[in-house]
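Asker: Have a look at this one.
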Amino acid sequence: MQSLVRTHHGPHAQADSALTSNALTLTERTMRGVAVCSAAALVLFLSLPLVAMFWRLLRDGRGVTPEALATLREAMTLSLLTTAVAMAIVVITGVPLAFFLARRPFPGARLIDTLVDLPIVLPPAVAGIALLVAFGRNGMVGRWLATMGVTLGFTTAAVILAQVFVAAPFFVRAAKSGFQRVDMDLEEAAADLGATPLRTLRTVTLPMALPSLVAGAVLAWARALGEFGATIMFAGNFPGVTQTMPLAIYARFGAGDLTSALILSLVLLIASVVVLFGLRLLASRTATPVM
Amino acid sequence: MNAITRRAAAAALGLALLGAPLLGAAPARAQAPFDCPEPVAASPAAAAASPAPMTMDAAFPDGGGALTVFAAASLTDAFGEIKADLEAEHPGLAITYNFAGSQALVTQLAEGAEADVFASANNTQMKAAQEQDLISGDPVTFVRNQLVIVTPADNPAGIDAPDDLGASGLRLVLAQADVPVGRYAREAVCGMSEDTAAFGEDFVGRVAANVVSEEEDVRDVLTKVELGEADAGIVYVSDAYISGDQVQQIEIPADFNILATYPIAATAGGDAALGDAFIAYVLSDEGQATLADFGFDPVS
């Protein structure tokens, strides 16, 4: 029956499909060519500056001076310390916030949602000014802190504040969507089986949201590591105290020491590559969209 | 339970780490005193005699053109006025400035940034530009500047003489040592430190311990002081002048002050006609008067 139908319709159908496929191939080829070229151009454009840094360093890098190494060590230590503390703060405060935003429609939730996202789109300079007028010595809160003998400006704490401000939204965003994806039926089942809400949270909700939490934390950490504008405006620039990696790069560049600036940049670049690969790996393992 | 303890531990750690720098309002800084090199680019103001600039005879071409000037950050306001005057006088002339620390400008020029004129805040950076063949012709000194200590308007640390810069716990902001004004400031402090009768033992060390931030250019130093974030900064007289009421000025005696000389030159590969015309204007009576209006020492 089937073969009969096929032989009956065969020649006509074949000719038809051949015609269409030929016509498509022509348009398709052109289109594909254009698409491949523009895609390749973008890849080239994105990778060229990174390659150029290696090229420049190899071409006329004056070698690693002891000063550059000292700067690198000091700035890297400070960057790792400050971002670690910033991440602890972001996670401790961000997990409950993300959970509430994901689960309970409370009054003002949408407003808070927007507010939390705001630092993502704010230019770093705006973040710097905002932090200054809030926590600077003459700032809204800073003025009051100063009367208690606490000044944030030019301290490591100021660096951490700047990092929390710019990085927290990345974590809250990812954590929120992680919590939203957790199947609430499973939580209900746990509750039906007699689990307390805390136990349900600990044994069901958190483990299921974990990949998103980790991905969010990694992204937030990367943002904190790269934080520059708000830091230089609010925390100043002093080696070992407020001079994080990005500030050290800017300072070396400003001092005309391109080689040191390049070396520091490449260290950050490699760190970023490792982070991104880690994220991809995490995404493919858990098969959940983490970004 | 386990998770909770772990979280509590993380919170405690976070707060402890955050609290450590918070609690010590002025964190202890293990800081080596400045290197006190022999002054290279500048000489003490008292002994200075700068040669009169050569007068240049270059007019702006008819029809104007696009002129790009790379200038030291301290020139921002004075050169802004010069731009307004020149553009009003010469229809079709469009001046674009790039203001930054002189050392950053040299880096930008070396990386191929296009400019017609380079105005540096010290001879060191001009020499650096010359050595990299970025300059055409001979640089000319077009203006001079001196240093002054600035504090916020309310002078929270109660500074009334230069030796107060060594007071413990002061928050002092300087430009970084590679920026001309940062270098001059360190030279001035080094000079004061030699006078132990007036400034006490280890003045350099005490001042260096008070530095809380090393800024990229003189305007960043000024901003930090204007905002009241820093107790004091060392800037050019011309910057303090523009700042007006926003800062208090504490003079640095001539014996220790530095006379910063600003050289200007046309750049290699720039538009020589436009560049020379701009330099001629800056050296003219009119240009010099504008610079004097902004607190600079004119050279003519």
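Ligands are numbered from 1 in the order shown, residues from 1 within each chain, and chains are lettered A, B, ... in the order they appear in the structure tokens.
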Taking only C-alpha atoms into account and nothing else, which residues of chain A lie no more than 7 Å away from chain B? Please answer as a ChimeraX atom specification.
Answerer: /A:85,88-89,136-138,149-157,236-238,251,254-256
Asker: Mind dumping the selected residues with C-alpha atoms as an mmCIF file, in the first residue's frame?
Answerer:
data_model
loop_
_atom_site.group_PDB
_atom_site.id
_atom_site.type_symbol
_atom_site.label_atom_id
_atom_site.label_comp_id
_atom_site.auth_asym_id
_atom_site.auth_seq_id
_atom_site.Cartn_x
_atom_site.Cartn_y
_atom_site.Cartn_z
ATOM 1 C CA VAL A 85 34.052 39.032 52.205
ATOM 2 C CA ALA A 88 29.886 36.178 52.070
ATOM 3 C CA ILE A 89 27.738 39.270 52.627
ATOM 4 C CA GLY A 136 31.196 59.478 52.500
ATOM 5 C CA ARG A 137 32.312 61.606 55.405
ATOM 6 C CA ASN A 138 29.675 64.213 54.580
ATOM 7 C CA GLY A 149 34.345 57.760 65.024
ATOM 8 C CA VAL A 150 33.854 55.499 62.016
ATOM 9 C CA THR A 151 35.001 56.730 58.636
ATOM 10 C CA LEU A 152 34.573 54.444 55.665
ATOM 11 C CA GLY A 153 36.333 56.429 52.946
ATOM 12 C CA PHE A 154 39.809 55.133 52.010
ATOM 13 C CA THR A 155 39.344 51.903 53.987
ATOM 14 C CA THR A 156 39.170 48.303 52.855
ATOM 15 C CA ALA A 157 35.596 48.285 54.123
ATOM 16 C CA GLY A 236 40.454 55.821 46.792
ATOM 17 C CA ASN A 237 43.621 54.172 45.599
ATOM 18 C CA PHE A 238 46.245 52.989 48.044
ATOM 19 C CA ALA A 251 47.524 53.108 38.263
ATOM 20 C CA GLY A 254 48.558 55.964 34.307
ATOM 21 C CA ALA A 255 52.145 55.872 35.459
ATOM 22 C CA GLY A 256 53.253 54.949 31.949
#
Asker: Which residues come within 12 Å of range 272-277 of chain A, counting only C-alpha atoms, excluding same-chain residues fewer than 4 positions away, as number ranges by chain?
Answerer: A: 50, 214-226, 265-268, 281-284, 290-291
Asker: Those residues you just picked out, can you put them in a file as a PDB file, in the first residue's frame with C-alpha atoms?
Answerer:
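Here's the written file part-v6.pdb:
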ATOM      1  CA  LEU A  50      42.855  39.893  24.181  1.00  0.00           C
ATOM      2  CA  VAL A 214      26.462  28.784  42.748  1.00  0.00           C
ATOM      3  CA  ALA A 215      26.225  30.252  39.266  1.00  0.00           C
ATOM      4  CA  GLY A 216      24.892  33.515  40.652  1.00  0.00           C
ATOM      5  CA  ALA A 217      27.651  33.659  43.244  1.00  0.00           C
ATOM      6  CA  VAL A 218      30.312  33.057  40.610  1.00  0.00           C
ATOM      7  CA  LEU A 219      28.932  35.781  38.362  1.00  0.00           C
ATOM      8  CA  ALA A 220      28.635  38.171  41.274  1.00  0.00           C
ATOM      9  CA  TRP A 221      32.171  37.341  42.328  1.00  0.00           C
ATOM     10  CA  ALA A 222      33.463  38.078  38.837  1.00  0.00           C
ATOM     11  CA  ARG A 223      31.661  41.412  38.858  1.00  0.00           C
ATOM     12  CA  ALA A 224      33.088  42.244  42.274  1.00  0.00           C
ATOM     13  CA  LEU A 225      36.580  41.288  41.133  1.00  0.00           C
ATOM     14  CA  GLY A 226      36.324  43.676  38.188  1.00  0.00           C
ATOM     15  CA  SER A 265      45.496  42.506  33.065  1.00  0.00           C
ATOM     16  CA  LEU A 266      46.465  39.075  31.822  1.00  0.00           C
ATOM     17  CA  VAL A 267      46.232  37.633  35.323  1.00  0.00           C
ATOM     18  CA  LEU A 268      42.681  38.978  35.577  1.00  0.00           C
ATOM     19  CA  LEU A 281      30.919  23.098  33.105  1.00  0.00           C
ATOM     20  CA  LEU A 282      28.433  23.602  35.893  1.00  0.00           C
ATOM     21  CA  ALA A 283      25.685  24.354  33.385  1.00  0.00           C
ATOM     22  CA  SER A 284      26.332  21.237  31.330  1.00  0.00           C
ATOM     23  CA  VAL A 290      22.397  28.924  34.952  1.00  0.00           C
ATOM     24  CA  MET A 291      22.868  32.231  33.218  1.00  0.00           C
TER      25      MET A 291
END
Asker: Among the residues of range 75-255 of chain A, find those DSSP assigns to helix (DSSP H, G or I) from the backbone and print them as JSON, numbers by chain.
Answerer: {"A": [75, 76, 77, 78, 79, 80, 81, 82, 83, 84, 85, 86, 87, 88, 89, 90, 91, 92, 93, 94, 95, 96, 97, 98, 99, 100, 101, 102, 103, 109, 110, 111, 112, 113, 114, 115, 116, 117, 118, 119, 120, 121, 124, 125, 126, 127, 128, 129, 130, 131, 132, 133, 134, 135, 142, 143, 144, 145, 146, 147, 156, 157, 158, 159, 160, 161, 162, 163, 164, 165, 166, 167, 168, 169, 170, 171, 172, 173, 174, 175, 176, 177, 178, 179, 180, 181, 184, 185, 186, 187, 188, 189, 190, 191, 192, 197, 198, 199, 200, 201, 202, 203, 204, 205, 206, 207, 208, 209, 210, 211, 212, 213, 214, 215, 216, 217, 218, 219, 220, 221, 222, 223, 224, 225, 226, 229, 230, 231, 232, 233, 234, 245, 246, 247, 248, 249, 250, 251, 252, 253, 254]}
Asker: Residues of range 41-268 of chain B in strand (DSSP E) according to DSSP, as a compact mmCIF listing (two decimals) with C-alpha atoms, in the first residue's frame?
Answerer:
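For reference, out_25.txt as written:
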# COMPACT_ATOMS: atom_id res chain seq x y z
CA SER B 43 63.96 73.95 41.11
CA PRO B 44 62.99 75.62 44.38
CA GLY B 65 40.02 73.63 11.32
CA ALA B 66 39.91 70.92 13.94
CA LEU B 67 42.62 71.24 16.59
CA THR B 68 43.27 68.59 19.22
CA VAL B 69 45.21 69.54 22.32
CA PHE B 70 46.45 67.06 24.94
CA ALA B 71 46.89 69.01 28.14
CA ALA B 72 47.74 68.41 31.79
CA LEU B 93 37.99 76.61 14.46
CA ALA B 94 37.02 73.70 16.67
CA ILE B 95 39.29 72.85 19.59
CA THR B 96 39.07 69.47 21.28
CA TYR B 97 40.88 68.88 24.55
CA ASN B 98 42.01 65.73 26.22
CA PHE B 99 42.86 66.49 29.83
CA ALA B 100 44.63 63.92 32.00
CA VAL B 117 49.63 70.03 20.66
CA PHE B 118 50.92 68.57 23.92
CA ALA B 119 50.99 70.74 27.05
CA ILE B 135 57.11 65.93 19.53
CA SER B 136 58.12 68.15 16.65
CA GLY B 137 60.20 71.23 17.31
CA ASP B 138 61.36 72.56 20.65
CA PRO B 139 59.07 72.71 23.68
CA VAL B 140 58.55 76.18 25.15
CA THR B 141 57.77 76.99 28.78
CA PHE B 142 54.42 78.76 28.70
CA VAL B 143 53.34 78.99 32.31
CA ARG B 144 54.43 78.26 35.86
CA ASN B 145 52.64 76.94 38.88
CA LEU B 147 52.05 74.02 45.18
CA VAL B 148 49.62 74.72 47.96
CA ILE B 149 48.06 72.62 50.70
CA VAL B 150 44.28 72.46 50.55
CA THR B 151 41.80 71.32 53.19
CA PRO B 152 38.02 71.06 53.06
CA LEU B 172 46.21 63.10 53.28
CA VAL B 173 45.60 62.58 49.57
CA LEU B 174 48.36 63.01 47.00
CA ALA B 175 48.63 62.32 43.32
CA VAL B 211 48.66 59.22 52.77
CA VAL B 212 45.34 57.42 52.35
CA SER B 213 45.03 57.59 48.58
CA GLU B 214 47.25 58.12 45.56
CA GLU B 215 45.22 59.73 42.83
CA ALA B 232 44.23 67.61 53.20
CA GLY B 233 45.77 67.39 49.77
CA ILE B 234 48.62 69.02 47.90
CA VAL B 235 47.63 70.60 44.60
CA TYR B 236 48.70 73.45 42.35
CA VAL B 247 38.71 74.60 50.08
CA GLN B 248 40.98 76.36 52.52
CA GLN B 249 44.51 77.07 51.37
CA ILE B 250 47.62 76.72 53.46
CA GLU B 251 50.67 78.24 51.84
CA ILE B 258 58.37 73.90 43.87
CA LEU B 259 58.14 75.95 40.74
CA ALA B 260 56.43 73.76 38.21
CA THR B 261 57.19 74.80 34.67
CA TYR B 262 54.77 73.78 31.95
CA PRO B 263 56.23 73.11 28.53
CA ILE B 264 54.12 73.10 25.38
CA ALA B 265 54.99 71.74 21.92
CA ALA B 266 53.46 70.72 18.64
CA THR B 267 53.27 66.98 18.24
Asker: Figure out the distance between CA of Met245 in chain A and CA of Ala230 in chain A, please, to one decimal in Å.
Answerer: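 Separating CA of Ala230 in chain A from CA of Met245 in chain A is a distance of 13.8 Å.
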Asker: Looking at only C-alpha atoms, which of A:Val241, A:Ala168, A:Ala195, A:Ile112 is the one that sits closest to Phe100 in chain A?
Answerer: A:Ile112
